[in-house]
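Shown here: entry30.txt, compact mmCIF, C-alpha atoms.
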# COMPACT_ATOMS: atom_id res chain seq x y z
CA MET M 1 -18.06 18.81 43.31
CA ASN M 2 -16.87 22.34 42.59
CA ILE M 3 -14.17 23.28 40.10
CA ASP M 4 -13.39 26.99 39.87
CA ALA M 5 -14.47 28.83 36.74
CA ILE M 6 -11.54 29.89 34.59
CA ARG M 7 -10.87 33.41 33.26
CA ASN M 8 -8.55 32.65 30.35
CA GLY M 9 -8.13 29.18 28.97
CA VAL M 10 -9.85 26.29 27.25
CA VAL M 11 -12.78 24.06 28.21
CA ILE M 12 -13.30 20.84 26.26
CA ASP M 13 -16.92 19.95 26.87
CA HIS M 14 -19.34 17.19 25.91
CA ILE M 15 -16.62 14.55 25.81
CA THR M 16 -18.19 11.10 25.68
CA ALA M 17 -18.00 9.67 29.22
CA GLY M 18 -14.93 7.47 29.49
CA GLU M 19 -12.95 9.19 26.73
CA GLY M 20 -11.69 12.09 28.88
CA LEU M 21 -8.59 10.36 30.18
CA ARG M 22 -7.52 9.18 26.73
CA LEU M 23 -7.95 12.69 25.35
CA PHE M 24 -6.08 14.14 28.35
CA THR M 25 -3.15 11.80 27.63
CA LEU M 26 -3.09 12.27 23.84
CA LEU M 27 -3.13 16.05 24.25
CA GLY M 28 -0.11 15.74 26.52
CA LEU M 29 -1.86 17.68 29.30
CA ASP M 30 -0.11 15.68 32.01
CA GLY M 31 3.10 17.48 31.06
CA LEU M 32 1.65 21.00 31.48
CA ASP M 33 2.71 23.17 34.39
CA VAL M 34 -0.66 24.97 34.64
CA PRO M 35 -3.91 24.13 36.47
CA VAL M 36 -5.77 21.42 34.52
CA ALA M 37 -8.91 19.59 35.61
CA LEU M 38 -10.31 16.35 34.23
CA ILE M 39 -13.88 15.85 35.32
CA LYS M 40 -15.30 12.40 34.69
CA ASN M 41 -18.96 11.46 34.62
CA ALA M 42 -20.33 14.98 34.97
CA GLN M 43 -24.09 15.33 34.54
CA SER M 44 -25.21 16.02 31.00
CA GLY M 45 -28.70 16.98 29.86
CA LYS M 46 -28.20 15.39 26.43
CA LYS M 47 -25.96 12.41 27.15
CA GLY M 48 -26.71 11.66 30.80
CA LYS M 49 -22.95 11.61 31.57
CA LYS M 50 -20.02 13.36 30.01
CA ASP M 51 -16.37 14.16 30.67
CA ILE M 52 -14.96 17.71 30.74
CA ILE M 53 -11.40 19.02 30.59
CA LYS M 54 -10.61 22.54 31.86
CA ILE M 55 -7.25 24.16 31.21
CA ASP M 56 -6.60 27.36 33.13
CA ALA M 57 -4.13 28.86 30.67
CA ASP M 58 -4.31 30.48 27.26
CA ILE M 59 -2.75 27.64 25.26
CA GLN M 60 -3.24 26.16 21.81
CA ILE M 61 -4.49 22.59 21.78
CA ASP M 62 -4.37 20.22 18.84
CA LEU M 63 -7.96 20.25 17.60
CA ASP M 64 -7.25 17.25 15.33
CA VAL M 65 -6.60 15.18 18.45
CA VAL M 66 -9.91 16.25 19.97
CA GLY M 67 -11.74 15.49 16.72
CA PHE M 68 -10.05 12.09 16.47
CA VAL M 69 -10.89 11.01 20.03
CA ASP M 70 -14.39 12.48 20.12
CA PRO M 71 -15.84 14.35 17.14
CA GLY M 72 -18.89 15.12 19.31
CA ALA M 73 -16.87 17.23 21.77
CA THR M 74 -16.86 21.03 21.77
CA VAL M 75 -13.90 23.28 22.48
CA ASN M 76 -14.67 26.58 24.22
CA VAL M 77 -12.02 29.28 24.28
CA ILE M 78 -12.48 31.43 27.41
CA LYS M 79 -11.33 35.07 27.46
CA ASP M 80 -11.89 37.30 30.49
CA GLY M 81 -14.31 34.80 31.98
CA VAL M 82 -16.62 34.52 28.98
CA VAL M 83 -16.81 32.11 26.03
CA ALA M 84 -15.02 33.95 23.22
CA GLU M 85 -15.18 31.10 20.72
CA LYS M 86 -16.99 27.78 20.51
CA LYS M 87 -15.53 25.18 18.14
CA LYS M 88 -17.38 22.07 17.00
CA MET M 89 -15.19 19.10 16.22
CA LYS M 90 -15.19 16.65 13.32
CA LEU M 91 -12.98 13.75 12.35
CA PRO M 92 -9.78 15.16 10.82
CA GLN M 93 -8.75 13.87 7.39
CA THR M 94 -5.18 13.27 8.58
CA LEU M 95 -3.49 12.78 11.92
CA LYS M 96 0.12 13.76 12.37
CA ASN M 97 2.15 12.45 15.31
CA VAL M 98 -0.93 11.59 17.37
CA VAL M 99 -0.74 7.81 17.33
CA ARG M 100 2.10 5.47 16.39
CA CYS M 101 1.89 2.68 13.85
CA LYS M 102 1.97 -0.72 15.57
CA ASN M 103 2.69 -2.76 12.43
CA PRO M 104 6.13 -4.33 13.00
CA ARG M 105 6.67 -4.43 9.21
CA CYS M 106 6.13 -0.67 8.80
CA ILE M 107 9.10 1.52 7.82
CA THR M 108 8.34 3.74 10.84
CA THR M 109 9.50 0.96 13.16
CA THR M 110 13.07 1.23 11.89
CA GLU M 111 13.17 4.90 10.87
CA GLN M 112 11.73 6.41 13.99
CA GLU M 113 12.20 10.05 13.05
CA LEU M 114 9.60 9.77 10.32
CA PRO M 115 6.38 11.65 11.06
CA GLN M 116 3.57 9.31 12.04
CA ILE M 117 0.84 10.16 9.55
CA PHE M 118 -2.54 8.48 9.42
CA ARG M 119 -5.33 9.23 6.94
CA LEU M 120 -9.06 8.80 7.47
CA SER M 121 -9.96 5.65 5.58
CA ASP M 122 -13.54 5.01 6.73
CA GLU M 123 -15.42 7.91 8.30
CA LYS M 124 -18.41 5.81 9.33
CA ALA M 125 -16.33 3.19 11.12
CA LYS M 126 -13.81 5.85 12.26
CA ILE M 127 -10.85 3.95 10.86
CA TYR M 128 -7.49 5.62 10.29
CA ARG M 129 -4.69 3.95 8.35
CA CYS M 130 -0.96 4.54 8.35
CA CYS M 131 0.07 6.46 5.24
CA TYR M 132 3.13 4.22 4.84
CA CYS M 133 1.83 0.69 5.38
CA ASP M 134 -1.99 1.01 5.56
CA GLY M 135 -1.93 -0.48 9.06
CA LYS M 136 -4.98 0.39 11.15
CA ALA M 137 -4.49 2.98 13.90
CA SER M 138 -4.96 1.59 17.37
CA VAL M 139 -4.89 3.61 20.55
CA MET Q 1 7.87 14.77 -8.92
CA ARG Q 2 5.65 11.94 -10.06
CA SER Q 3 6.40 8.53 -8.58
CA VAL Q 4 4.51 5.25 -8.68
CA ILE Q 5 4.21 3.69 -5.25
CA ASP Q 6 0.83 2.03 -5.50
CA ILE Q 7 -1.16 0.89 -8.52
CA THR Q 8 -3.78 3.49 -7.56
CA ASP Q 9 -1.22 6.17 -8.46
CA LEU Q 10 -2.09 5.36 -12.06
CA SER Q 11 -5.50 6.19 -13.51
CA LYS Q 12 -7.46 3.72 -15.61
CA GLU Q 13 -6.63 5.82 -18.66
CA GLU Q 14 -2.92 5.73 -17.82
CA LEU Q 15 -3.08 1.95 -17.41
CA ALA Q 16 -4.62 1.71 -20.87
CA SER Q 17 -1.96 4.00 -22.28
CA LEU Q 18 0.86 1.98 -20.66
CA MET Q 19 -0.55 -1.25 -22.12
CA GLU Q 20 -0.79 0.40 -25.52
CA THR Q 21 2.85 1.50 -25.31
CA ALA Q 22 3.96 -1.96 -24.12
CA ASN Q 23 2.14 -3.62 -27.00
CA ASP Q 24 3.75 -1.17 -29.41
CA ILE Q 25 7.23 -1.86 -27.98
CA MET Q 26 6.63 -5.59 -28.49
CA LYS Q 27 5.54 -4.96 -32.05
CA ASP Q 28 8.39 -2.62 -32.98
CA PRO Q 29 11.22 -2.66 -30.40
CA GLY Q 30 13.59 -0.83 -32.73
CA LYS Q 31 11.45 2.30 -32.50
CA TYR Q 32 12.22 2.53 -28.78
CA ALA Q 33 15.84 1.32 -28.85
CA HIS Q 34 17.26 4.80 -28.11
CA ALA Q 35 14.31 6.35 -26.28
CA CYS Q 36 16.25 6.64 -23.00
CA ALA Q 37 19.76 7.14 -24.40
CA GLY Q 38 21.89 9.02 -21.89
CA LYS Q 39 19.54 8.28 -18.99
CA LYS Q 40 20.35 6.19 -15.95
CA LEU Q 41 18.11 3.92 -13.92
CA ALA Q 42 19.21 3.16 -10.35
CA THR Q 43 17.94 -0.15 -9.02
CA LEU Q 44 18.01 -0.11 -5.22
CA PHE Q 45 17.24 -3.57 -3.93
CA PHE Q 46 17.42 -3.86 -0.15
CA GLU Q 47 15.85 -7.31 -0.42
CA PRO Q 48 16.89 -10.21 -2.66
CA SER Q 49 15.25 -10.27 -6.09
CA THR Q 50 16.19 -11.75 -9.41
CA ARG Q 51 13.20 -11.34 -11.67
CA THR Q 52 12.08 -7.85 -10.81
CA ARG Q 53 15.54 -6.31 -10.72
CA MET Q 54 16.65 -7.97 -13.94
CA SER Q 55 13.37 -7.07 -15.59
CA PHE Q 56 13.88 -3.39 -14.72
CA GLU Q 57 17.48 -3.50 -15.87
CA ALA Q 58 16.64 -5.27 -19.13
CA ALA Q 59 13.84 -2.76 -19.70
CA MET Q 60 16.19 0.20 -19.32
CA TYR Q 61 18.85 -1.35 -21.57
CA GLU Q 62 16.26 -2.06 -24.26
CA LEU Q 63 15.30 1.62 -24.15
CA GLY Q 64 18.95 2.54 -24.76
CA GLY Q 65 19.56 3.75 -21.21
CA SER Q 66 22.03 2.49 -18.63
CA VAL Q 67 21.74 1.10 -15.12
CA ILE Q 68 23.47 1.56 -11.80
CA SER Q 69 22.64 -0.99 -9.14
CA MET Q 70 22.60 -1.72 -5.47
CA THR Q 71 21.76 -5.37 -5.19
CA ASP Q 72 22.19 -6.10 -1.52
CA GLY Q 73 21.19 -3.88 1.40
CA ALA Q 74 23.62 -5.73 3.65
CA THR Q 75 26.64 -4.32 1.79
CA SER Q 76 25.30 -0.80 1.26
CA SER Q 77 25.21 2.31 3.41
CA ALA Q 78 21.89 1.08 4.77
CA ALA Q 79 23.88 -1.50 6.72
CA LYS Q 80 25.75 1.42 8.34
CA GLY Q 81 22.44 2.91 9.40
CA GLU Q 82 21.72 5.31 6.55
CA SER Q 83 18.04 6.17 6.30
CA VAL Q 84 15.95 5.44 3.24
CA SER Q 85 15.42 9.19 2.80
CA ASP Q 86 19.16 9.90 2.73
CA THR Q 87 19.80 7.04 0.32
CA ALA Q 88 17.07 8.35 -2.01
CA LYS Q 89 18.49 11.90 -1.91
CA ILE Q 90 22.00 10.67 -2.68
CA VAL Q 91 20.95 8.37 -5.50
CA SER Q 92 18.88 11.20 -7.02
CA CYS Q 93 22.23 12.90 -7.65
CA TYR Q 94 23.42 9.99 -9.76
CA ALA Q 95 20.37 8.67 -11.61
CA ASP Q 96 17.38 9.95 -13.57
CA ILE Q 97 14.92 7.44 -12.16
CA ILE Q 98 14.92 4.94 -9.27
CA ALA Q 99 13.38 1.49 -8.92
CA MET Q 100 13.42 0.38 -5.30
CA ARG Q 101 12.60 -2.76 -3.37
CA HIS Q 102 12.69 -2.77 0.43
CA PRO Q 103 11.49 -5.23 3.07
CA LYS Q 104 9.68 -2.56 5.10
CA GLU Q 105 6.18 -1.48 4.16
CA GLY Q 106 6.04 2.16 3.15
CA ALA Q 107 9.76 2.44 2.37
CA ALA Q 108 9.08 3.38 -1.25
CA LEU Q 109 6.83 6.26 -0.19
CA VAL Q 110 9.57 7.55 2.11
CA ALA Q 111 12.06 7.37 -0.77
CA ALA Q 112 9.67 9.13 -3.15
CA ASN Q 113 9.09 11.95 -0.65
CA ALA Q 114 12.86 12.52 -0.41
CA ALA Q 115 14.03 11.88 -3.98
CA SER Q 116 14.28 14.54 -6.67
CA VAL Q 117 13.73 11.97 -9.44
CA PRO Q 118 10.80 9.59 -10.02
CA VAL Q 119 10.70 6.52 -7.77
CA ILE Q 120 9.07 3.27 -8.85
CA ASN Q 121 8.10 0.92 -6.06
CA ALA Q 122 9.50 -2.49 -6.95
CA GLY Q 123 7.97 -4.01 -3.81
CA ASP Q 124 7.78 -2.73 -0.23
CA GLY Q 125 7.47 -5.72 2.10
CA GLY Q 126 4.04 -7.31 1.90
CA HIS Q 127 2.43 -4.03 0.95
CA CYS Q 128 2.46 -3.04 -2.76
CA HIS Q 129 4.08 -4.18 -5.98
CA PRO Q 130 2.59 -2.01 -8.72
CA THR Q 131 4.81 -3.07 -11.62
CA GLN Q 132 3.90 -6.71 -11.07
CA THR Q 133 0.30 -5.59 -11.38
CA LEU Q 134 1.13 -3.88 -14.66
CA ALA Q 135 2.52 -7.21 -15.88
CA ASP Q 136 -0.60 -8.99 -14.62
CA LEU Q 137 -2.97 -6.58 -16.37
CA LEU Q 138 -1.15 -6.86 -19.69
CA THR Q 139 -1.15 -10.67 -19.37
CA ILE Q 140 -4.90 -10.81 -18.73
CA SER Q 141 -5.57 -8.28 -21.46
CA ARG Q 142 -3.50 -10.11 -24.07
CA GLU Q 143 -4.42 -13.66 -23.13
CA LYS Q 144 -8.13 -13.12 -22.41
CA GLY Q 145 -8.67 -10.21 -24.78
CA ARG Q 146 -10.40 -8.10 -22.12
CA LEU Q 147 -10.10 -6.73 -18.60
CA CYS Q 148 -13.81 -6.83 -17.77
CA ASP Q 149 -16.44 -9.58 -17.36
CA LEU Q 150 -14.01 -11.99 -15.72
CA THR Q 151 -14.03 -14.43 -12.81
CA VAL Q 152 -10.59 -14.21 -11.24
CA GLY Q 153 -9.42 -16.73 -8.65
CA LEU Q 154 -6.61 -15.64 -6.34
CA CYS Q 155 -5.06 -18.58 -4.55
CA GLY Q 156 -2.54 -19.09 -1.74
CA ASP Q 157 -1.10 -16.40 0.48
CA LEU Q 158 -3.59 -13.58 0.21
CA LYS Q 159 -2.51 -12.05 3.51
CA PHE Q 160 1.09 -11.14 2.77
CA GLY Q 161 0.88 -11.44 -1.03
CA ARG Q 162 1.47 -7.85 -2.12
CA THR Q 163 0.88 -8.72 -5.77
CA VAL Q 164 -2.61 -9.90 -4.87
CA HIS Q 165 -3.45 -6.66 -3.05
CA SER Q 166 -2.28 -4.51 -5.94
CA LEU Q 167 -4.08 -6.67 -8.51
CA ILE Q 168 -7.40 -6.49 -6.64
CA ASN Q 169 -7.01 -2.71 -6.46
CA ALA Q 170 -6.42 -2.54 -10.20
CA LEU Q 171 -9.26 -4.91 -11.10
CA SER Q 172 -11.69 -2.88 -9.00
CA ARG Q 173 -11.63 -0.27 -11.80
CA TYR Q 174 -12.98 -2.66 -14.42
CA GLU Q 175 -16.59 -3.73 -15.01
CA ASN Q 176 -18.09 -6.97 -13.81
CA ILE Q 177 -15.10 -8.59 -12.12
CA ARG Q 178 -15.96 -11.46 -9.80
CA LEU Q 179 -13.26 -12.49 -7.33
CA VAL Q 180 -12.85 -15.95 -5.82
CA LEU Q 181 -10.42 -15.71 -2.90
CA ILE Q 182 -8.92 -19.14 -2.22
CA SER Q 183 -6.79 -19.39 0.92
CA PRO Q 184 -6.52 -21.06 4.31
CA GLU Q 185 -8.14 -19.10 7.15
CA GLU Q 186 -4.75 -17.86 8.40
CA LEU Q 187 -3.76 -16.36 5.04
CA ARG Q 188 -6.99 -14.60 4.15
CA LEU Q 189 -6.98 -11.16 2.60
CA PRO Q 190 -6.31 -8.33 5.13
CA ASP Q 191 -9.40 -6.33 6.06
CA TYR Q 192 -7.94 -3.11 4.64
CA VAL Q 193 -8.04 -4.67 1.19
CA TYR Q 194 -11.29 -6.55 1.70
CA ASN Q 195 -13.25 -3.63 3.17
CA ASP Q 196 -11.55 -0.67 1.54
CA VAL Q 197 -11.34 -2.10 -1.97
CA ILE Q 198 -13.73 -5.02 -2.47
CA VAL Q 199 -16.63 -3.88 -0.29
CA LYS Q 200 -16.22 -0.17 -1.05
CA ASN Q 201 -16.26 -0.77 -4.81
CA GLY Q 202 -19.11 -3.27 -4.62
CA MET Q 203 -17.05 -6.04 -6.24
CA LYS Q 204 -18.58 -9.51 -6.38
CA CYS Q 205 -16.49 -11.79 -4.19
CA VAL Q 206 -16.53 -15.18 -2.48
CA GLN Q 207 -13.95 -16.60 -0.06
CA THR Q 208 -13.25 -20.30 0.09
CA PRO Q 209 -10.46 -22.65 1.20
CA ASP Q 210 -11.41 -25.08 -1.61
CA LEU Q 211 -9.39 -24.75 -4.82
CA MET Q 212 -11.15 -27.67 -6.50
CA TRP Q 213 -14.56 -26.09 -5.92
CA ALA Q 214 -13.37 -22.83 -7.41
CA LEU Q 215 -11.42 -24.12 -10.43
CA PRO Q 216 -14.25 -24.82 -12.91
CA GLN Q 217 -15.63 -21.28 -12.46
CA LEU Q 218 -12.48 -19.36 -13.28
CA ASP Q 219 -11.37 -17.35 -16.30
CA VAL Q 220 -8.09 -16.57 -14.54
CA LEU Q 221 -6.34 -18.53 -11.79
CA TYR Q 222 -3.68 -16.43 -10.05
CA MET Q 223 -1.46 -18.66 -7.90
CA THR Q 224 0.87 -17.26 -5.23
CA ARG Q 225 3.72 -18.59 -3.15
CA VAL Q 226 3.53 -18.77 0.63
CA GLN Q 227 6.50 -16.52 1.38
CA ARG Q 228 8.86 -17.71 4.10
CA GLU Q 229 10.32 -14.20 4.51
CA ARG Q 230 6.96 -12.75 5.61
CA PHE Q 231 6.57 -15.06 8.61
CA PHE Q 232 7.94 -14.29 12.05
CA ASN Q 233 7.23 -17.89 13.04
CA GLU Q 234 8.93 -20.73 11.11
CA GLU Q 235 6.45 -23.35 12.39
CA GLU Q 236 3.54 -21.35 11.05
CA TYR Q 237 5.27 -21.14 7.66
CA LEU Q 238 5.95 -24.88 7.54
CA ARG Q 239 2.33 -25.65 8.43
CA LEU Q 240 0.92 -23.46 5.66
CA LYS Q 241 3.49 -23.62 2.87
CA ASP Q 242 1.95 -26.56 1.01
CA SER Q 243 -1.67 -25.46 1.33
CA TYR Q 244 -2.24 -25.42 -2.42
CA ILE Q 245 -0.33 -27.26 -5.12
CA LEU Q 246 -1.66 -27.02 -8.65
CA THR Q 247 -1.02 -30.22 -10.58
CA ARG Q 248 -1.92 -31.24 -14.12
CA GLU Q 249 -4.64 -33.54 -12.71
CA LYS Q 250 -6.23 -30.66 -10.79
CA LEU Q 251 -5.99 -28.38 -13.82
CA ASN Q 252 -8.11 -30.88 -15.74
CA HIS Q 253 -11.04 -29.54 -13.70
CA ALA Q 254 -10.50 -26.04 -15.11
CA ARG Q 255 -12.06 -24.79 -18.32
CA PRO Q 256 -10.03 -25.03 -21.55
CA ASP Q 257 -9.79 -21.24 -21.76
CA THR Q 258 -8.76 -20.62 -18.15
CA ILE Q 259 -5.34 -19.00 -17.86
CA VAL Q 260 -2.94 -19.78 -15.02
CA MET Q 261 -0.80 -16.93 -13.73
CA HIS Q 262 1.87 -16.64 -11.01
CA PRO Q 263 4.05 -13.63 -10.10
CA LEU Q 264 7.03 -16.00 -9.65
CA PRO Q 265 9.23 -17.26 -8.15
CA ARG Q 266 7.31 -20.46 -7.50
CA VAL Q 267 8.46 -23.08 -5.07
CA ASN Q 268 6.12 -26.04 -5.44
CA GLU Q 269 2.68 -24.45 -5.67
CA ILE Q 270 2.55 -25.14 -9.42
CA SER Q 271 3.83 -28.52 -10.47
CA VAL Q 272 6.38 -28.43 -13.30
CA SER Q 273 4.03 -30.76 -15.21
CA VAL Q 274 1.69 -27.79 -15.69
CA ASP Q 275 4.33 -25.71 -17.51
CA ASP Q 276 3.68 -27.07 -20.99
CA ASP Q 277 -0.11 -26.82 -20.66
CA PRO Q 278 -1.24 -24.07 -23.05
CA ARG Q 279 -3.15 -22.46 -20.18
CA ALA Q 280 0.07 -21.78 -18.24
CA CYS Q 281 0.91 -18.10 -18.75
CA TYR Q 282 3.38 -17.34 -15.96
CA PHE Q 283 6.50 -17.23 -18.09
CA LYS Q 284 4.79 -14.97 -20.63
CA GLN Q 285 3.68 -12.86 -17.68
CA ALA Q 286 7.34 -12.30 -16.72
CA LEU Q 287 8.10 -11.25 -20.29
CA TYR Q 288 5.14 -8.86 -20.43
CA GLY Q 289 6.36 -7.35 -17.16
CA LYS Q 290 9.53 -6.15 -18.83
CA PHE Q 291 7.59 -4.34 -21.54
CA MET Q 292 5.26 -2.71 -19.01
CA ARG Q 293 8.29 -1.53 -17.03
CA GLU Q 294 9.68 -0.04 -20.22
CA ALA Q 295 6.39 1.76 -20.78
CA LEU Q 296 6.35 3.04 -17.20
CA ILE Q 297 9.96 4.28 -17.32
CA LEU Q 298 9.18 6.10 -20.56
CA MET Q 299 6.07 7.68 -19.10
CA LEU Q 300 7.72 8.89 -15.88
CA LEU Q 301 10.83 10.24 -17.61
CA SER Q 302 8.66 12.00 -20.18
CA GLU Q 303 6.55 13.61 -17.47
CA CYS Q 304 9.52 15.01 -15.62
CA GLY Q 305 11.09 16.30 -18.81
CA LYS Q 306 14.09 14.01 -18.58
CA ASN Q 307 13.36 12.24 -21.80
CA ASP Q 308 13.75 14.24 -24.99
CA ALA Q 309 12.64 11.34 -27.18
CA LYS Q 310 9.29 11.08 -25.48
CA THR Q 311 6.80 11.26 -28.31
CA TYR Q 312 6.04 8.53 -30.81

Let me see the structure of the file written as structure tokens.
Amino acid sequence: MNIDAIRNGVVIDHITAGEGLRLFTLLGLDGLDVPVALIKNAQSGKKGKKDIIKIDADIQIDLDVVGFVDPGATVNVIKDGVVAEKKKMKLPQTLKNVVRCKNPRCITTTEQELPQIFRLSDEKAKIYRCCYCDGKASV
Amino acid sequence: MRSVIDITDLSKEELASLMETANDIMKDPGKYAHACAGKKLATLFFEPSTRTRMSFEAAMYELGGSVISMTDGATSSAAKGESVSDTAKIVSCYADIIAMRHPKEGAALVAANAASVPVINAGDGGHCHPTQTLADLLTISREKGRLCDLTVGLCGDLKFGRTVHSLINALSRYENIRLVLISPEELRLPDYVYNDVIVKNGMKCVQTPDLMWALPQLDVLYMTRVQRERFFNEEEYLRLKDSYILTREKLNHARPDTIVMHPLPRVNEISVSVDDDPRACYFKQALYGKFMREALILMLLSECGKNDAKTY
């Protein structure tokens, strides 16, 4: 399968196979009016399979979202057809307006303009908790 | 602006200092009788409360301050749809410090982020209740003479019992605390408390549904009420509400130096026949709570420079 190389844009590489669609959705890429490709189950030397997202436009993406979904992913910024910058991801300490709190007792359920803020509670288990009610983040 | 939303907002040293102040107020109340003269406490209670609100109000009056109150969310601007943030901003214009109770978890944090005066969380749903924990710590300290080397049994609704969550958090700072968590399966401690506090701090802990098995081991028995207002399902509440009832006969299995605590109000989880047992400390606990609230109000007003009579 061939996907054209991009000249200026962003490639999110080494996404754990199966996580690409979730990342695509959380980054809000379905709402973009530019060429975007989601490649699932591409061959990977290290992992066997991986997902890749290519965005053919010079846009800013929320690196915290990438780090949250897959801290093993890499973000390559492409300028004039070459990799200008390669960013390694890690779990962000806080997440703002990425996921919503599902706890029906949380203040955010009645005051919906409040920012949805989650803090990293357990790095090993990758658990984020709502800063208001301590409810666990679920995606 | 310093607020107290969770018991972890206070360091171990600050807890010690608050207990010292509370003990001093008890010893010599006259010394503090005008400490907050000219200052106003606003009590914002969006959820019914007798003890906590009156305790805060009595505390402020005993410090020589005054109180303005909102005692029912249903008749306030909140009923018209005003946000917690807006309410906190408005009340900051009228008062020097706010004590707030709200049924939603996290509401006190929202208020503290918006207010320009200190906010004390007087209970946010089933989440936190730090001033009850201050009362609990002073009770244990005074009645047992220490806050370390204790086996503490927590009994009843450990899932929604905010006082239990805050107390475990506070006790995690002290040496050699062993917890016995006594509850039915459905009302066990939430994993965010169990994993993030008990496991993370390496506290010794056992979970059991059997109060009678636990009783002889305990230095402190902390009873809680199964709270109707925390259940979405009335049938579930009715099934669980009488899970544990402490009677005088059961208390005979406890050691003579065990103390029995309860954040109150009780419904039937402690039989009235236990009240005159010397081990029953729950009414003293309510009294100690008032003095700890006085100490906390003094500390927060002193820190934000709103209390000229801050040093003793």

Contacts of Asp58 of chain M within 7 Å, all atoms listed in the file, excl. fewer than 5 positions in-chain, as a compact mmCIF listing (two decimals) with C-alpha atoms, keeping the file's coordinate frame:
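Okay, selection.txt is ready:
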# COMPACT_ATOMS: atom_id res chain seq x y z
CA ASN M 8 -8.55 32.65 30.35
CA GLY M 9 -8.13 29.18 28.97
CA VAL M 10 -9.85 26.29 27.25

- Task: Rank M:Arg7, M:Lys136, M:Lys40, M:Lys102 by their smallest atom-to-atom distance to chain Q, using all atoms listed in the file, and report the top residue only.
- Result: M:Lys136

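Atom pair atom CA of Gly123 of chain Q / atom CA of His102 of chain Q has a distance of 6.5 Å (rounded to one decimal).
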
- Which is closer to Ala42 of chain M than all the others in M:Thr74, M:Thr94, M:Thr16, M:Thr109, using all atoms listed in the file? M:Thr16

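Atom CA of Ser55 of chain Q to atom CA of Leu109 of chain Q spans 21.4 Å [interatomic distance, one decimal].
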
- d(atom CA of Lys49 of chain M, atom CA of Ala17 of chain M) in Å: 5.8 Å

- Message: Residues within 12 Å of (10.1, 9.9, -5.8), file coordinates, counting only C-alpha atoms: what are they? Give the list as a count of residues only.
- Response: 36

- With a distance cut-off of 12 Å and only C-alpha atoms, select the neighbouring residues of Gln43 of chain M, excluding the residue or stretch itself and same-chain residues fewer than 4 positions from it, and output the selection as a ChimeraX atom specification. /M:1,13-17,39,47-52

- Once you count all atoms listed in the file, which residues of chain Q turn out to be within 10 Å of chain M? Could you give them as JSON, numbers by chain? {"Q": [81, 82, 83, 84, 85, 102, 103, 104, 105, 106, 107, 108, 109, 110, 124, 125, 126, 127, 128, 190, 191, 192, 193, 195, 196, 200, 230]}

Polymer residues at most 10 Å from Val272 of chain Q, only C-alpha atoms, same-chain spacing of 4 or more positions, as a PDB file with C-alpha atoms, in the frame of the given file:
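As a result, around_4.pdb now contains:
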ATOM      1  CA  LEU Q 246      -1.660 -27.020  -8.650  1.00  0.00           C
ATOM      2  CA  THR Q 247      -1.020 -30.220 -10.580  1.00  0.00           C
ATOM      3  CA  ARG Q 248      -1.920 -31.240 -14.120  1.00  0.00           C
ATOM      4  CA  ARG Q 266       7.310 -20.460  -7.500  1.00  0.00           C
ATOM      5  CA  ASN Q 268       6.120 -26.040  -5.440  1.00  0.00           C
ATOM      6  CA  ASP Q 276       3.680 -27.070 -20.990  1.00  0.00           C
ATOM      7  CA  ASP Q 277      -0.110 -26.820 -20.660  1.00  0.00           C
TER       8      ASP Q 277
END

- Item | Contacts of Ala280 of chain Q within 8 Å, all atoms listed in the file, excl. fewer than 5 positions in-chain, as JSON, numbers by chain | {"Q": [259, 260, 261, 274, 275]}

- Within 8 Å of Leu215 of chain Q, counting all atoms listed in the file, which residues qualify if same-chain residues fewer than 3 places away don't, as JSON, numbers by chain? {"Q": [153, 211, 212, 218, 221, 251, 253, 254, 255]}

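If only C-alpha atoms are the atoms counted, then among Q:Glu20, Q:Asp157, Q:Glu175, Q:Asp219 the closest residue to Leu189 of chain Q is Q:Asp157.
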
- Would you list the residues near (-15.0, 32.8, 33.0), meaning any protein, DNA or RNA residue with an atom at most 8 Å from that point in file coordinates, counting all atoms listed in the file, as a PyMOL selection string? chain M and resi 5-8+78-83

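Taking only C-alpha atoms into account, Leu18 of chain Q lies nearest to Q:Leu296 out of the set Q:Cys36, Q:Ile68, Q:Leu296, Q:Leu41.
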
- Query: Quick one: of Q:Ser183, Q:Asn233, Q:Gln132, Q:Asn23, who's nearest to Pro209 of chain Q, counting all atoms listed in the file?
  - Reply: Q:Ser183
